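The next block is run-v8.pdb, given as PDB, C-alpha atoms.
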MODEL        1
ATOM      1  CA  MET Q 159       0.000   0.000   0.000
ATOM      2  CA  ALA Q 160       3.009   2.256   0.428
ATOM      3  CA  ASP Q 161       3.161   3.214  -3.261
ATOM      4  CA  SER Q 162      -0.612   3.506  -3.635
ATOM      5  CA  PRO Q 163      -1.703   6.877  -4.997
ATOM      6  CA  ILE Q 164      -4.491   7.027  -2.403
ATOM      7  CA  ALA Q 165      -3.362   8.665   0.792
ATOM      8  CA  VAL Q 166      -3.510   6.133   3.625
ATOM      9  CA  GLU Q 167      -4.860   7.648   6.783
ATOM     10  CA  GLN Q 168      -2.797   7.224   9.894
ATOM     11  CA  HIS Q 169      -4.474   4.790  12.259
ATOM     12  CA  SER Q 170      -3.771   2.866  15.419
ATOM     13  CA  PRO Q 171      -1.605  -0.245  14.911
ATOM     14  CA  ALA Q 172      -4.235  -2.111  16.955
ATOM     15  CA  LEU Q 173      -6.917  -1.539  14.279
ATOM     16  CA  GLN Q 174      -7.762  -4.691  12.307
ATOM     17  CA  HIS Q 175      -8.190  -4.080   8.585
ATOM     18  CA  HIS Q 176     -11.826  -5.254   8.468
ATOM     19  CA  PHE Q 177     -13.034  -2.486  10.790
ATOM     20  CA  ALA Q 178     -13.658   1.091   9.687
ATOM     21  CA  ASP Q 179     -12.226   2.638  12.849
ATOM     22  CA  MET Q 180     -11.259   1.901  16.454
ATOM     23  CA  GLU Q 181     -14.720   2.787  17.745
ATOM     24  CA  GLN Q 182     -16.408   0.247  15.465
ATOM     25  CA  GLN Q 183     -13.836  -2.375  16.433
ATOM     26  CA  ARG Q 184     -14.416  -1.732  20.127
ATOM     27  CA  GLN Q 185     -18.221  -1.880  19.780
ATOM     28  CA  ALA Q 186     -18.132  -5.148  17.810
ATOM     29  CA  SER Q 187     -15.880  -6.695  20.424
ATOM     30  CA  SER Q 188     -18.018  -5.480  23.303
ATOM     31  CA  LEU Q 189     -21.205  -6.801  21.685
ATOM     32  CA  GLY Q 190     -19.558 -10.206  21.244
ATOM     33  CA  MET Q 191     -18.601 -10.270  24.925
ATOM     34  CA  TRP Q 192     -22.152  -9.413  25.984
ATOM     35  CA  LEU Q 193     -23.528 -12.187  23.770
ATOM     36  CA  PHE Q 194     -21.151 -14.619  25.494
ATOM     37  CA  LEU Q 195     -22.354 -13.369  28.883
ATOM     38  CA  ALA Q 196     -25.964 -13.940  27.747
ATOM     39  CA  THR Q 197     -25.089 -17.618  27.159
ATOM     40  CA  GLU Q 198     -23.494 -17.677  30.625
ATOM     41  CA  VAL Q 199     -26.734 -16.331  32.112
ATOM     42  CA  MET Q 200     -28.589 -19.295  30.629
ATOM     43  CA  PHE Q 201     -25.852 -21.732  31.758
ATOM     44  CA  PHE Q 202     -26.077 -20.644  35.394
ATOM     45  CA  GLY Q 203     -29.840 -20.114  34.969
ATOM     46  CA  GLY Q 204     -30.367 -23.860  34.568
ATOM     47  CA  MET Q 205     -28.694 -24.517  37.920
ATOM     48  CA  PHE Q 206     -30.609 -21.707  39.608
ATOM     49  CA  CYS Q 207     -33.822 -23.202  38.226
ATOM     50  CA  ALA Q 208     -32.988 -26.670  39.604
ATOM     51  CA  TYR Q 209     -32.125 -25.027  42.935
ATOM     52  CA  LEU Q 210     -35.481 -23.181  43.109
ATOM     53  CA  ILE Q 211     -37.530 -26.297  42.345
ATOM     54  CA  TYR Q 212     -35.756 -28.475  44.929
ATOM     55  CA  ARG Q 213     -35.805 -25.699  47.493
ATOM     56  CA  TYR Q 214     -39.576 -25.446  46.990
ATOM     57  CA  TRP Q 215     -39.958 -29.220  47.437
ATOM     58  CA  TYR Q 216     -37.498 -29.825  50.295
ATOM     59  CA  PHE Q 217     -37.435 -26.484  52.090
ATOM     60  CA  PRO Q 218     -36.924 -27.904  55.663
ATOM     61  CA  GLU Q 219     -33.793 -29.840  54.635
ATOM     62  CA  PHE Q 220     -32.501 -26.903  52.579
ATOM     63  CA  ALA Q 221     -32.877 -24.660  55.636
ATOM     64  CA  ALA Q 222     -31.076 -27.169  57.908
ATOM     65  CA  ALA Q 223     -28.246 -27.806  55.432
ATOM     66  CA  SER Q 224     -27.840 -24.074  54.725
ATOM     67  CA  LYS Q 225     -27.301 -23.474  58.440
ATOM     68  CA  SER Q 226     -24.300 -25.819  58.397
ATOM     69  CA  LEU Q 227     -22.458 -23.488  55.983
ATOM     70  CA  ASP Q 228     -20.046 -20.972  57.506
ATOM     71  CA  ILE Q 229     -21.815 -17.605  57.227
ATOM     72  CA  THR Q 230     -18.709 -15.654  58.308
ATOM     73  CA  LEU Q 231     -16.559 -17.119  55.532
ATOM     74  CA  GLY Q 232     -19.422 -16.619  53.059
ATOM     75  CA  THR Q 233     -19.798 -12.944  53.976
ATOM     76  CA  VAL Q 234     -16.033 -12.352  53.883
ATOM     77  CA  ASN Q 235     -15.834 -13.940  50.440
ATOM     78  CA  THR Q 236     -18.683 -11.746  49.161
ATOM     79  CA  ALA Q 237     -16.776  -8.689  50.375
ATOM     80  CA  VAL Q 238     -13.547  -9.981  48.783
ATOM     81  CA  LEU Q 239     -15.274 -10.313  45.392
ATOM     82  CA  ILE Q 240     -16.832  -6.849  45.675
ATOM     83  CA  CYS Q 241     -13.379  -5.390  46.404
ATOM     84  CA  SER Q 242     -11.970  -7.239  43.377
ATOM     85  CA  SER Q 243     -14.707  -5.714  41.195
ATOM     86  CA  LEU Q 244     -13.575  -2.275  42.387
ATOM     87  CA  THR Q 245      -9.934  -3.025  41.515
ATOM     88  CA  VAL Q 246     -11.072  -4.208  38.054
ATOM     89  CA  VAL Q 247     -12.960  -0.990  37.266
ATOM     90  CA  MET Q 248      -9.989   1.006  38.566
ATOM     91  CA  ALA Q 249      -7.639  -0.972  36.297
ATOM     92  CA  VAL Q 250      -9.863  -0.263  33.273
ATOM     93  CA  ARG Q 251     -10.025   3.404  34.281
ATOM     94  CA  ALA Q 252      -6.224   3.535  34.559
ATOM     95  CA  ALA Q 253      -6.024   2.153  31.005
ATOM     96  CA  GLN Q 254      -8.539   4.750  29.770
ATOM     97  CA  LEU Q 255      -6.318   7.461  31.276
ATOM     98  CA  GLY Q 256      -3.114   5.849  30.020
ATOM     99  CA  LYS Q 257      -1.625   5.170  33.463
ATOM    100  CA  ARG Q 258       0.457   2.042  33.062
ATOM    101  CA  GLN Q 259       1.707   1.717  36.644
ATOM    102  CA  ALA Q 260      -1.776   2.079  38.173
ATOM    103  CA  GLN Q 261      -3.069  -0.548  35.720
ATOM    104  CA  VAL Q 262      -0.412  -3.011  36.846
ATOM    105  CA  ILE Q 263      -1.105  -2.362  40.554
ATOM    106  CA  TYR Q 264      -4.887  -2.734  40.229
ATOM    107  CA  LEU Q 265      -4.566  -5.885  38.115
ATOM    108  CA  ALA Q 266      -2.169  -7.405  40.659
ATOM    109  CA  LEU Q 267      -4.632  -6.547  43.470
ATOM    110  CA  THR Q 268      -7.439  -8.173  41.474
ATOM    111  CA  LEU Q 269      -5.376 -11.342  41.152
ATOM    112  CA  ILE Q 270      -4.597 -11.382  44.876
ATOM    113  CA  LEU Q 271      -8.281 -10.915  45.778
ATOM    114  CA  GLY Q 272      -9.332 -13.599  43.282
ATOM    115  CA  LEU Q 273      -6.854 -16.047  44.793
ATOM    116  CA  ALA Q 274      -7.989 -15.077  48.318
ATOM    117  CA  PHE Q 275     -11.566 -15.943  47.331
ATOM    118  CA  LEU Q 276     -10.449 -19.343  46.036
ATOM    119  CA  GLY Q 277      -8.396 -19.931  49.197
ATOM    120  CA  VAL Q 278     -11.394 -19.292  51.451
ATOM    121  CA  LYS Q 279     -13.500 -21.538  49.206
ATOM    122  CA  ALA Q 280     -10.874 -24.299  49.590
ATOM    123  CA  ILE Q 281     -11.068 -23.984  53.395
ATOM    124  CA  GLU Q 282     -14.867 -24.258  53.265
ATOM    125  CA  TRP Q 283     -14.810 -27.283  50.963
ATOM    126  CA  THR Q 284     -12.180 -29.020  53.103
ATOM    127  CA  SER Q 285     -14.430 -28.780  56.147
ATOM    128  CA  LYS Q 286     -17.320 -30.157  54.067
ATOM    129  CA  PHE Q 287     -15.197 -33.158  53.078
ATOM    130  CA  LYS Q 288     -14.152 -33.734  56.685
ATOM    131  CA  GLY Q 289     -17.770 -33.424  57.852
ATOM    132  CA  HIS Q 290     -19.031 -36.003  55.295
ATOM    133  CA  HIS Q 291     -21.271 -33.370  53.695
ATOM    134  CA  VAL Q 292     -20.052 -34.176  50.179
ATOM    135  CA  PRO Q 293     -22.697 -36.145  48.225
ATOM    136  CA  GLY Q 294     -21.690 -39.753  47.693
ATOM    137  CA  ALA Q 295     -21.289 -43.061  49.513
ATOM    138  CA  SER Q 296     -19.954 -41.529  52.742
ATOM    139  CA  PHE Q 297     -22.542 -38.729  52.876
ATOM    140  CA  ASN Q 298     -23.886 -38.173  56.376
ATOM    141  CA  PHE Q 299     -25.820 -35.137  57.515
ATOM    142  CA  GLU Q 300     -27.186 -35.365  61.040
ATOM    143  CA  GLY Q 301     -29.503 -32.595  62.079
ATOM    144  CA  THR Q 302     -33.006 -31.462  62.760
ATOM    145  CA  ILE Q 303     -35.338 -29.199  60.858
ATOM    146  CA  PRO Q 304     -34.923 -25.585  62.090
ATOM    147  CA  SER Q 305     -38.670 -24.876  62.356
ATOM    148  CA  HIS Q 306     -39.405 -28.293  63.987
ATOM    149  CA  PRO Q 307     -36.382 -29.175  66.183
ATOM    150  CA  ASP Q 308     -37.851 -32.593  67.097
ATOM    151  CA  GLN Q 309     -37.873 -33.777  63.467
ATOM    152  CA  PRO Q 310     -34.672 -35.242  61.969
ATOM    153  CA  VAL Q 311     -33.840 -34.257  58.402
ATOM    154  CA  ASP Q 312     -34.297 -36.597  55.455
ATOM    155  CA  GLN Q 313     -30.691 -37.326  54.449
ATOM    156  CA  ARG Q 314     -31.584 -37.808  50.769
ATOM    157  CA  HIS Q 315     -33.107 -34.328  50.610
ATOM    158  CA  ALA Q 316     -30.116 -32.784  52.400
ATOM    159  CA  GLN Q 317     -27.864 -34.547  49.890
ATOM    160  CA  ILE Q 318     -29.677 -32.760  47.055
ATOM    161  CA  PHE Q 319     -28.910 -29.422  48.714
ATOM    162  CA  PHE Q 320     -25.224 -30.302  48.915
ATOM    163  CA  SER Q 321     -25.200 -31.582  45.315
ATOM    164  CA  LEU Q 322     -26.507 -28.188  44.208
ATOM    165  CA  TYR Q 323     -24.128 -26.396  46.598
ATOM    166  CA  PHE Q 324     -21.095 -28.129  45.093
ATOM    167  CA  ALA Q 325     -22.351 -27.827  41.504
ATOM    168  CA  MET Q 326     -23.054 -24.105  41.805
ATOM    169  CA  THR Q 327     -20.088 -23.011  43.931
ATOM    170  CA  GLY Q 328     -17.896 -25.415  41.920
ATOM    171  CA  MET Q 329     -18.894 -23.940  38.548
ATOM    172  CA  HIS Q 330     -18.507 -20.467  40.047
ATOM    173  CA  ALA Q 331     -15.026 -21.345  41.345
ATOM    174  CA  LEU Q 332     -14.090 -22.773  37.931
ATOM    175  CA  HIS Q 333     -15.039 -19.406  36.434
ATOM    176  CA  MET Q 334     -12.854 -17.735  39.065
ATOM    177  CA  VAL Q 335      -9.908 -20.002  38.159
ATOM    178  CA  ILE Q 336     -10.344 -19.084  34.484
ATOM    179  CA  GLY Q 337     -10.626 -15.425  35.530
ATOM    180  CA  VAL Q 338      -7.348 -15.653  37.455
ATOM    181  CA  GLY Q 339      -5.719 -17.090  34.309
ATOM    182  CA  ILE Q 340      -7.100 -14.274  32.135
ATOM    183  CA  PHE Q 341      -6.018 -11.600  34.602
ATOM    184  CA  SER Q 342      -2.497 -13.053  34.850
ATOM    185  CA  TYR Q 343      -2.267 -12.658  31.058
ATOM    186  CA  LEU Q 344      -3.611  -9.083  31.308
ATOM    187  CA  LEU Q 345      -1.166  -8.248  34.102
ATOM    188  CA  TYR Q 346       1.780  -9.379  31.970
ATOM    189  CA  TYR Q 347       0.733  -7.315  28.945
ATOM    190  CA  ALA Q 348      -0.279  -4.298  31.034
ATOM    191  CA  TRP Q 349       3.226  -4.410  32.513
ATOM    192  CA  LYS Q 350       4.556  -4.544  28.944
ATOM    193  CA  GLY Q 351       2.492  -1.410  28.219
ATOM    194  CA  ARG Q 352       0.156  -2.903  25.598
ATOM    195  CA  TYR Q 353      -3.060  -1.250  26.849
ATOM    196  CA  THR Q 354      -3.415   2.426  25.991
ATOM    197  CA  PRO Q 355      -6.316   4.939  26.073
ATOM    198  CA  ASP Q 356      -6.709   4.108  22.375
ATOM    199  CA  TYR Q 357      -6.794   0.328  22.762
ATOM    200  CA  HIS Q 358      -7.653  -1.589  25.940
ATOM    201  CA  THR Q 359     -10.513  -3.801  24.744
ATOM    202  CA  PRO Q 360      -9.070  -6.999  26.297
ATOM    203  CA  LEU Q 361      -9.026  -5.306  29.717
ATOM    204  CA  GLU Q 362     -12.557  -4.005  29.289
ATOM    205  CA  ASN Q 363     -14.057  -7.323  28.133
ATOM    206  CA  SER Q 364     -12.238  -9.354  30.787
ATOM    207  CA  GLY Q 365     -13.590  -6.838  33.288
ATOM    208  CA  LEU Q 366     -17.122  -7.581  32.078
ATOM    209  CA  TYR Q 367     -16.453 -11.296  32.657
ATOM    210  CA  TRP Q 368     -15.103 -10.670  36.159
ATOM    211  CA  HIS Q 369     -18.128  -8.546  37.125
ATOM    212  CA  PHE Q 370     -20.477 -11.192  35.742
ATOM    213  CA  VAL Q 371     -18.851 -13.836  37.950
ATOM    214  CA  ASP Q 372     -19.218 -11.399  40.861
ATOM    215  CA  ILE Q 373     -22.965 -11.030  40.129
ATOM    216  CA  ILE Q 374     -23.395 -14.824  40.171
ATOM    217  CA  TRP Q 375     -21.833 -14.903  43.643
ATOM    218  CA  ILE Q 376     -24.042 -11.993  44.774
ATOM    219  CA  TYR Q 377     -26.998 -14.363  44.189
ATOM    220  CA  LEU Q 378     -25.315 -17.562  45.392
ATOM    221  CA  PHE Q 379     -24.509 -16.034  48.780
ATOM    222  CA  PRO Q 380     -28.092 -15.394  50.005
ATOM    223  CA  LEU Q 381     -29.518 -18.430  48.211
ATOM    224  CA  LEU Q 382     -27.049 -20.918  49.714
ATOM    225  CA  TYR Q 383     -25.955 -19.372  53.031
ATOM    226  CA  LEU Q 384     -28.994 -17.407  54.212
ATOM    227  CA  ILE Q 385     -31.984 -19.690  53.668
ATOM    228  CA  ASP Q 386     -33.254 -19.785  57.243
ATOM    229  CA  ARG Q 387     -30.874 -18.247  59.766
ATOM    230  CA  LYS Q 388     -33.451 -16.701  62.095
ATOM    231  CA  LYS Q 389     -33.246 -17.711  65.711
TER     232      LYS Q 389
ATOM    233  CA  MET N 343     -13.856   8.257  21.772
ATOM    234  CA  SER N 344     -17.425   7.906  22.896
ATOM    235  CA  GLU N 345     -16.172   5.863  25.833
ATOM    236  CA  HIS N 346     -17.316   7.225  29.156
ATOM    237  CA  ILE N 347     -14.714   7.683  31.906
ATOM    238  CA  ILE N 348     -16.348   7.493  35.312
ATOM    239  CA  SER N 349     -14.909   9.311  38.324
ATOM    240  CA  THR N 350     -13.092   7.444  41.081
ATOM    241  CA  GLY N 351     -15.583   8.930  43.561
ATOM    242  CA  THR N 352     -18.517   7.203  41.845
ATOM    243  CA  TYR N 353     -16.685   3.871  41.871
ATOM    244  CA  ILE N 354     -15.783   4.205  45.568
ATOM    245  CA  ALA N 355     -19.383   5.159  46.451
ATOM    246  CA  ILE N 356     -20.771   2.111  44.617
ATOM    247  CA  TRP N 357     -18.140  -0.132  46.236
ATOM    248  CA  LEU N 358     -19.047   1.123  49.742
ATOM    249  CA  THR N 359     -22.776   0.700  49.017
ATOM    250  CA  LEU N 360     -22.154  -2.900  47.898
ATOM    251  CA  LEU N 361     -20.172  -3.649  51.083
ATOM    252  CA  VAL N 362     -22.845  -2.114  53.330
ATOM    253  CA  LEU N 363     -25.581  -4.093  51.551
ATOM    254  CA  THR N 364     -23.570  -7.302  52.011
ATOM    255  CA  GLY N 365     -23.346  -6.695  55.765
ATOM    256  CA  LEU N 366     -27.016  -5.722  55.842
ATOM    257  CA  THR N 367     -28.228  -8.855  54.069
ATOM    258  CA  ALA N 368     -26.155 -11.099  56.382
ATOM    259  CA  GLY N 369     -27.487  -9.237  59.441
ATOM    260  CA  ILE N 370     -31.145  -9.233  58.392
ATOM    261  CA  ALA N 371     -31.001 -13.010  57.857
ATOM    262  CA  PHE N 372     -30.883 -13.468  61.668
ATOM    263  CA  ILE N 373     -34.052 -11.406  62.250
ATOM    264  CA  ASP N 374     -37.338 -13.283  61.935
ATOM    265  CA  LEU N 375     -39.374 -11.608  59.183
ATOM    266  CA  GLY N 376     -41.367 -14.711  58.275
ATOM    267  CA  PRO N 377     -41.601 -15.186  54.497
ATOM    268  CA  PHE N 378     -40.064 -11.742  53.993
ATOM    269  CA  ASN N 379     -36.563 -13.009  54.884
ATOM    270  CA  THR N 380     -36.195 -14.559  51.426
ATOM    271  CA  ILE N 381     -37.829 -11.605  49.688
ATOM    272  CA  VAL N 382     -35.590  -9.041  51.423
ATOM    273  CA  ALA N 383     -32.468 -11.132  50.668
ATOM    274  CA  LEU N 384     -33.386 -11.387  46.977
ATOM    275  CA  VAL N 385     -34.316  -7.695  46.681
ATOM    276  CA  ILE N 386     -30.931  -6.702  48.171
ATOM    277  CA  ALA N 387     -29.102  -9.168  45.872
ATOM    278  CA  THR N 388     -30.926  -7.785  42.825
ATOM    279  CA  PHE N 389     -30.132  -4.206  43.836
ATOM    280  CA  LYS N 390     -26.448  -5.143  44.222
ATOM    281  CA  ALA N 391     -26.432  -6.940  40.855
ATOM    282  CA  LEU N 392     -28.002  -3.853  39.228
ATOM    283  CA  LEU N 393     -25.335  -1.564  40.704
ATOM    284  CA  VAL N 394     -22.573  -3.836  39.395
ATOM    285  CA  ALA N 395     -24.165  -4.130  35.931
ATOM    286  CA  LEU N 396     -25.172  -0.485  35.489
ATOM    287  CA  ILE N 397     -22.085   1.227  36.915
ATOM    288  CA  PHE N 398     -19.172  -1.251  37.000
ATOM    289  CA  MET N 399     -20.151  -2.882  33.696
ATOM    290  CA  HIS N 400     -21.067   0.532  32.225
ATOM    291  CA  VAL N 401     -24.522  -0.543  30.970
ATOM    292  CA  ARG N 402     -25.940   2.778  32.177
ATOM    293  CA  TYR N 403     -23.396   4.751  30.162
ATOM    294  CA  THR N 404     -23.167   2.721  26.979
ATOM    295  CA  SER N 405     -24.371   4.354  23.783
ATOM    296  CA  GLU N 406     -24.529   0.973  22.065
ATOM    297  CA  LYS N 407     -28.190   0.015  21.880
ATOM    298  CA  MET N 408     -27.347  -3.544  20.843
ATOM    299  CA  VAL N 409     -25.660  -4.164  24.212
ATOM    300  CA  LYS N 410     -28.861  -3.116  25.958
ATOM    301  CA  VAL N 411     -30.884  -5.392  23.672
ATOM    302  CA  VAL N 412     -28.625  -8.338  24.576
ATOM    303  CA  VAL N 413     -28.806  -7.610  28.331
ATOM    304  CA  ILE N 414     -32.588  -7.265  28.301
ATOM    305  CA  SER N 415     -33.106 -10.402  26.193
ATOM    306  CA  ALA N 416     -30.794 -12.425  28.481
ATOM    307  CA  LEU N 417     -32.874 -11.330  31.478
ATOM    308  CA  PHE N 418     -36.118 -11.984  29.608
ATOM    309  CA  PHE N 419     -35.161 -15.563  28.749
ATOM    310  CA  LEU N 420     -33.873 -16.184  32.281
ATOM    311  CA  LEU N 421     -37.200 -15.012  33.724
ATOM    312  CA  LEU N 422     -39.033 -17.162  31.180
ATOM    313  CA  LEU N 423     -37.012 -20.209  32.300
ATOM    314  CA  LEU N 424     -37.486 -19.586  36.024
ATOM    315  CA  GLY N 425     -41.026 -18.213  35.820
ATOM    316  CA  LEU N 426     -42.585 -20.913  33.671
ATOM    317  CA  SER N 427     -40.746 -23.723  35.523
ATOM    318  CA  LEU N 428     -41.981 -22.453  38.880
ATOM    319  CA  ALA N 429     -45.477 -21.835  37.507
ATOM    320  CA  ASP N 430     -45.517 -25.558  36.762
ATOM    321  CA  TYR N 431     -43.926 -26.974  39.921
ATOM    322  CA  THR N 432     -45.719 -24.721  42.411
ATOM    323  CA  THR N 433     -49.194 -25.433  41.025
ATOM    324  CA  ARG N 434     -49.019 -29.222  40.686
ATOM    325  CA  LEU N 435     -51.636 -31.205  42.576
ATOM    326  CA  LEU N 436     -49.833 -34.318  43.728
TER     327      LEU N 436
ENDMDL
END

Take the structure in the file and give it back as structure tokens.
Amino acid sequence: MADSPIAVEQHSPALQHHFADMEQQRQASSLGMWLFLATEVMFFGGMFCAYLIYRYWYFPEFAAASKSLDITLGTVNTAVLICSSLTVVMAVRAAQLGKRQAQVIYLALTLILGLAFLGVKAIEWTSKFKGHHVPGASFNFEGTIPSHPDQPVDQRHAQIFFSLYFAMTGMHALHMVIGVGIFSYLLYYAWKGRYTPDYHTPLENSGLYWHFVDIIWIYLFPLLYLIDRKK
Amino acid sequence: MSEHIISTGTYIAIWLTLLVLTGLTAGIAFIDLGPFNTIVALVIATFKALLVALIFMHVRYTSEKMVKVVVISALFFLLLLLGLSLADYTTRLL
């Protein structure tokens, strides 16, 4: 194109040739990310639907099993994820303003908070394994129904709660693990100075993913931990 | 650039609101409100999710109508899934 008689307009090296300009490229990319998140809504939606139906059927056992979860760790983890969402928006903002060092710091903080969440989750799961609350041959959940303390729980119904607990928190944690991978990649390239005010779409779209995973947890926390805590 | 840069103050305010609501929802769970315990917990969760989506995910500021179409259709189909399933299971005469 160098010897073409048509003057070639100067454009960002990040612009792919099939887009008219950076703005169109950014919008196309963002729309694609939102479409992916829509499929994620339906993916988690199926599990939420199963949860609602079984909770409606076996509410007493769901209430008893929910009480055995550690509410302190659950609340702390919710706060940890909310803090990580703040560091993500701050990292994107730093990219918008062209501040490389701030980007690197906020991305590193996001990674630390993400790993802290997974660490707390590992502690919770370990205690579930030790307490025989993991569905399977050695499953054992002794307890009574919160609203009728003289009635023992039906173990099969409690097992369904824990199946859903592990499926939902497990899929959520898998998303967190993938998120940690993505943010490690972003941290490396932010440190290299790849993301500028002109081009930071990977940061922005990964941010959308991270916030989506945060929203899933915002619902998982009350639905799993807070079913029937009243005294 | 039509991209909207939001002030740090807004982000901090939303972050603090989300933290307060988290504490609030955990605290309220211990108070006996009858059937309203679940409703209050879900209303708070939905409010938190809206704050994250509208501000942190920039849905409120986006000029791209297609993004809004995708968000609204995702919610519509989710409500269809949950609503129609529950309409079935909660009205069965066993």

Quick one: which residues from chain Q are at most 9 Å off chain N, using all atoms listed in the file, as an mmCIF file with C-alpha atoms, in the coordinates of the input?
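To be explicit, this is the file written out as selection-v9.cif:
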data_model
loop_
_atom_site.group_PDB
_atom_site.id
_atom_site.type_symbol
_atom_site.label_atom_id
_atom_site.label_comp_id
_atom_site.auth_asym_id
_atom_site.auth_seq_id
_atom_site.Cartn_x
_atom_site.Cartn_y
_atom_site.Cartn_z
ATOM 1 C CA MET Q 180 -11.259 1.901 16.454
ATOM 2 C CA GLU Q 181 -14.720 2.787 17.745
ATOM 3 C CA GLN Q 185 -18.221 -1.880 19.780
ATOM 4 C CA SER Q 188 -18.018 -5.480 23.303
ATOM 5 C CA LEU Q 189 -21.205 -6.801 21.685
ATOM 6 C CA TRP Q 192 -22.152 -9.413 25.984
ATOM 7 C CA LEU Q 193 -23.528 -12.187 23.770
ATOM 8 C CA LEU Q 195 -22.354 -13.369 28.883
ATOM 9 C CA ALA Q 196 -25.964 -13.940 27.747
ATOM 10 C CA THR Q 197 -25.089 -17.618 27.159
ATOM 11 C CA VAL Q 199 -26.734 -16.331 32.112
ATOM 12 C CA MET Q 200 -28.589 -19.295 30.629
ATOM 13 C CA GLY Q 203 -29.840 -20.114 34.969
ATOM 14 C CA GLY Q 204 -30.367 -23.860 34.568
ATOM 15 C CA PHE Q 206 -30.609 -21.707 39.608
ATOM 16 C CA CYS Q 207 -33.822 -23.202 38.226
ATOM 17 C CA LEU Q 210 -35.481 -23.181 43.109
ATOM 18 C CA ILE Q 211 -37.530 -26.297 42.345
ATOM 19 C CA TYR Q 214 -39.576 -25.446 46.990
ATOM 20 C CA TRP Q 215 -39.958 -29.220 47.437
ATOM 21 C CA ILE Q 229 -21.815 -17.605 57.227
ATOM 22 C CA THR Q 230 -18.709 -15.654 58.308
ATOM 23 C CA THR Q 233 -19.798 -12.944 53.976
ATOM 24 C CA THR Q 236 -18.683 -11.746 49.161
ATOM 25 C CA ALA Q 237 -16.776 -8.689 50.375
ATOM 26 C CA ILE Q 240 -16.832 -6.849 45.675
ATOM 27 C CA CYS Q 241 -13.379 -5.390 46.404
ATOM 28 C CA SER Q 243 -14.707 -5.714 41.195
ATOM 29 C CA LEU Q 244 -13.575 -2.275 42.387
ATOM 30 C CA VAL Q 246 -11.072 -4.208 38.054
ATOM 31 C CA VAL Q 247 -12.960 -0.990 37.266
ATOM 32 C CA MET Q 248 -9.989 1.006 38.566
ATOM 33 C CA ARG Q 251 -10.025 3.404 34.281
ATOM 34 C CA GLN Q 254 -8.539 4.750 29.770
ATOM 35 C CA LEU Q 255 -6.318 7.461 31.276
ATOM 36 C CA ASP Q 356 -6.709 4.108 22.375
ATOM 37 C CA GLU Q 362 -12.557 -4.005 29.289
ATOM 38 C CA GLY Q 365 -13.590 -6.838 33.288
ATOM 39 C CA LEU Q 366 -17.122 -7.581 32.078
ATOM 40 C CA HIS Q 369 -18.128 -8.546 37.125
ATOM 41 C CA PHE Q 370 -20.477 -11.192 35.742
ATOM 42 C CA ASP Q 372 -19.218 -11.399 40.861
ATOM 43 C CA ILE Q 373 -22.965 -11.030 40.129
ATOM 44 C CA ILE Q 374 -23.395 -14.824 40.171
ATOM 45 C CA ILE Q 376 -24.042 -11.993 44.774
ATOM 46 C CA TYR Q 377 -26.998 -14.363 44.189
ATOM 47 C CA PHE Q 379 -24.509 -16.034 48.780
ATOM 48 C CA PRO Q 380 -28.092 -15.394 50.005
ATOM 49 C CA LEU Q 381 -29.518 -18.430 48.211
ATOM 50 C CA TYR Q 383 -25.955 -19.372 53.031
ATOM 51 C CA LEU Q 384 -28.994 -17.407 54.212
ATOM 52 C CA ILE Q 385 -31.984 -19.690 53.668
ATOM 53 C CA ASP Q 386 -33.254 -19.785 57.243
ATOM 54 C CA ARG Q 387 -30.874 -18.247 59.766
ATOM 55 C CA LYS Q 388 -33.451 -16.701 62.095
ATOM 56 C CA LYS Q 389 -33.246 -17.711 65.711
#

Query raised in the report: What is the atom CA of Gly294 of chain Q to atom CA of Leu332 of chain Q distance in Å?
Result: 21.0 Å

**Report entry** Hits from the PyMOL selection byres ((chain Q and resi 266-281) around 9), listed as an MDAnalysis selection string
**Finding:** chainID Q and resid 231:232 234:236 238:239 241:246 249 261:265 282:286 327 331 334:335 337:339 341:342 345

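One finds atom CA of Ile303 of chain Q at 25.4 Å from atom CA of Leu366 of chain N.
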
Query - 8 Å contact set for Pro355 of chain Q, all atoms listed in the file, chain neighbours under 2 positions out, as a PyMOL selection string - result: chain Q and resi 253-256+353+357-358

Save the residues we just selected, C-alpha atoms, as a PDB file, in the coordinates of the input?
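Ended up saving to out.pdb:
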ATOM      1  CA  ALA Q 253      -6.024   2.153  31.005  1.00  0.00           C
ATOM      2  CA  GLN Q 254      -8.539   4.750  29.770  1.00  0.00           C
ATOM      3  CA  LEU Q 255      -6.318   7.461  31.276  1.00  0.00           C
ATOM      4  CA  GLY Q 256      -3.114   5.849  30.020  1.00  0.00           C
ATOM      5  CA  TYR Q 353      -3.060  -1.250  26.849  1.00  0.00           C
ATOM      6  CA  TYR Q 357      -6.794   0.328  22.762  1.00  0.00           C
ATOM      7  CA  HIS Q 358      -7.653  -1.589  25.940  1.00  0.00           C
TER       8      HIS Q 358
END

Kindly compute an axis-aligned box around the listed atoms of segment 343-349 of chain Q, allowing 8 Å on each side, and express its centre and edge lengths in Å to one decimal as lines of an AutoDock Vina configuration file.
center_x = -0.2
center_y = -8.5
center_z = 31.5
size_x = 22.8
size_y = 24.4
size_z = 21.2

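We find atom CA of His291 of chain Q and atom CA of Phe378 of chain N to be spaced 28.7 Å apart.
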
Query - Residues matched by the PyMOL selection byres ((chain Q and resi 309-314) around 12) as a VMD selection string - result: chain Q and resid 212 216 to 223 290 to 308 315 to 321
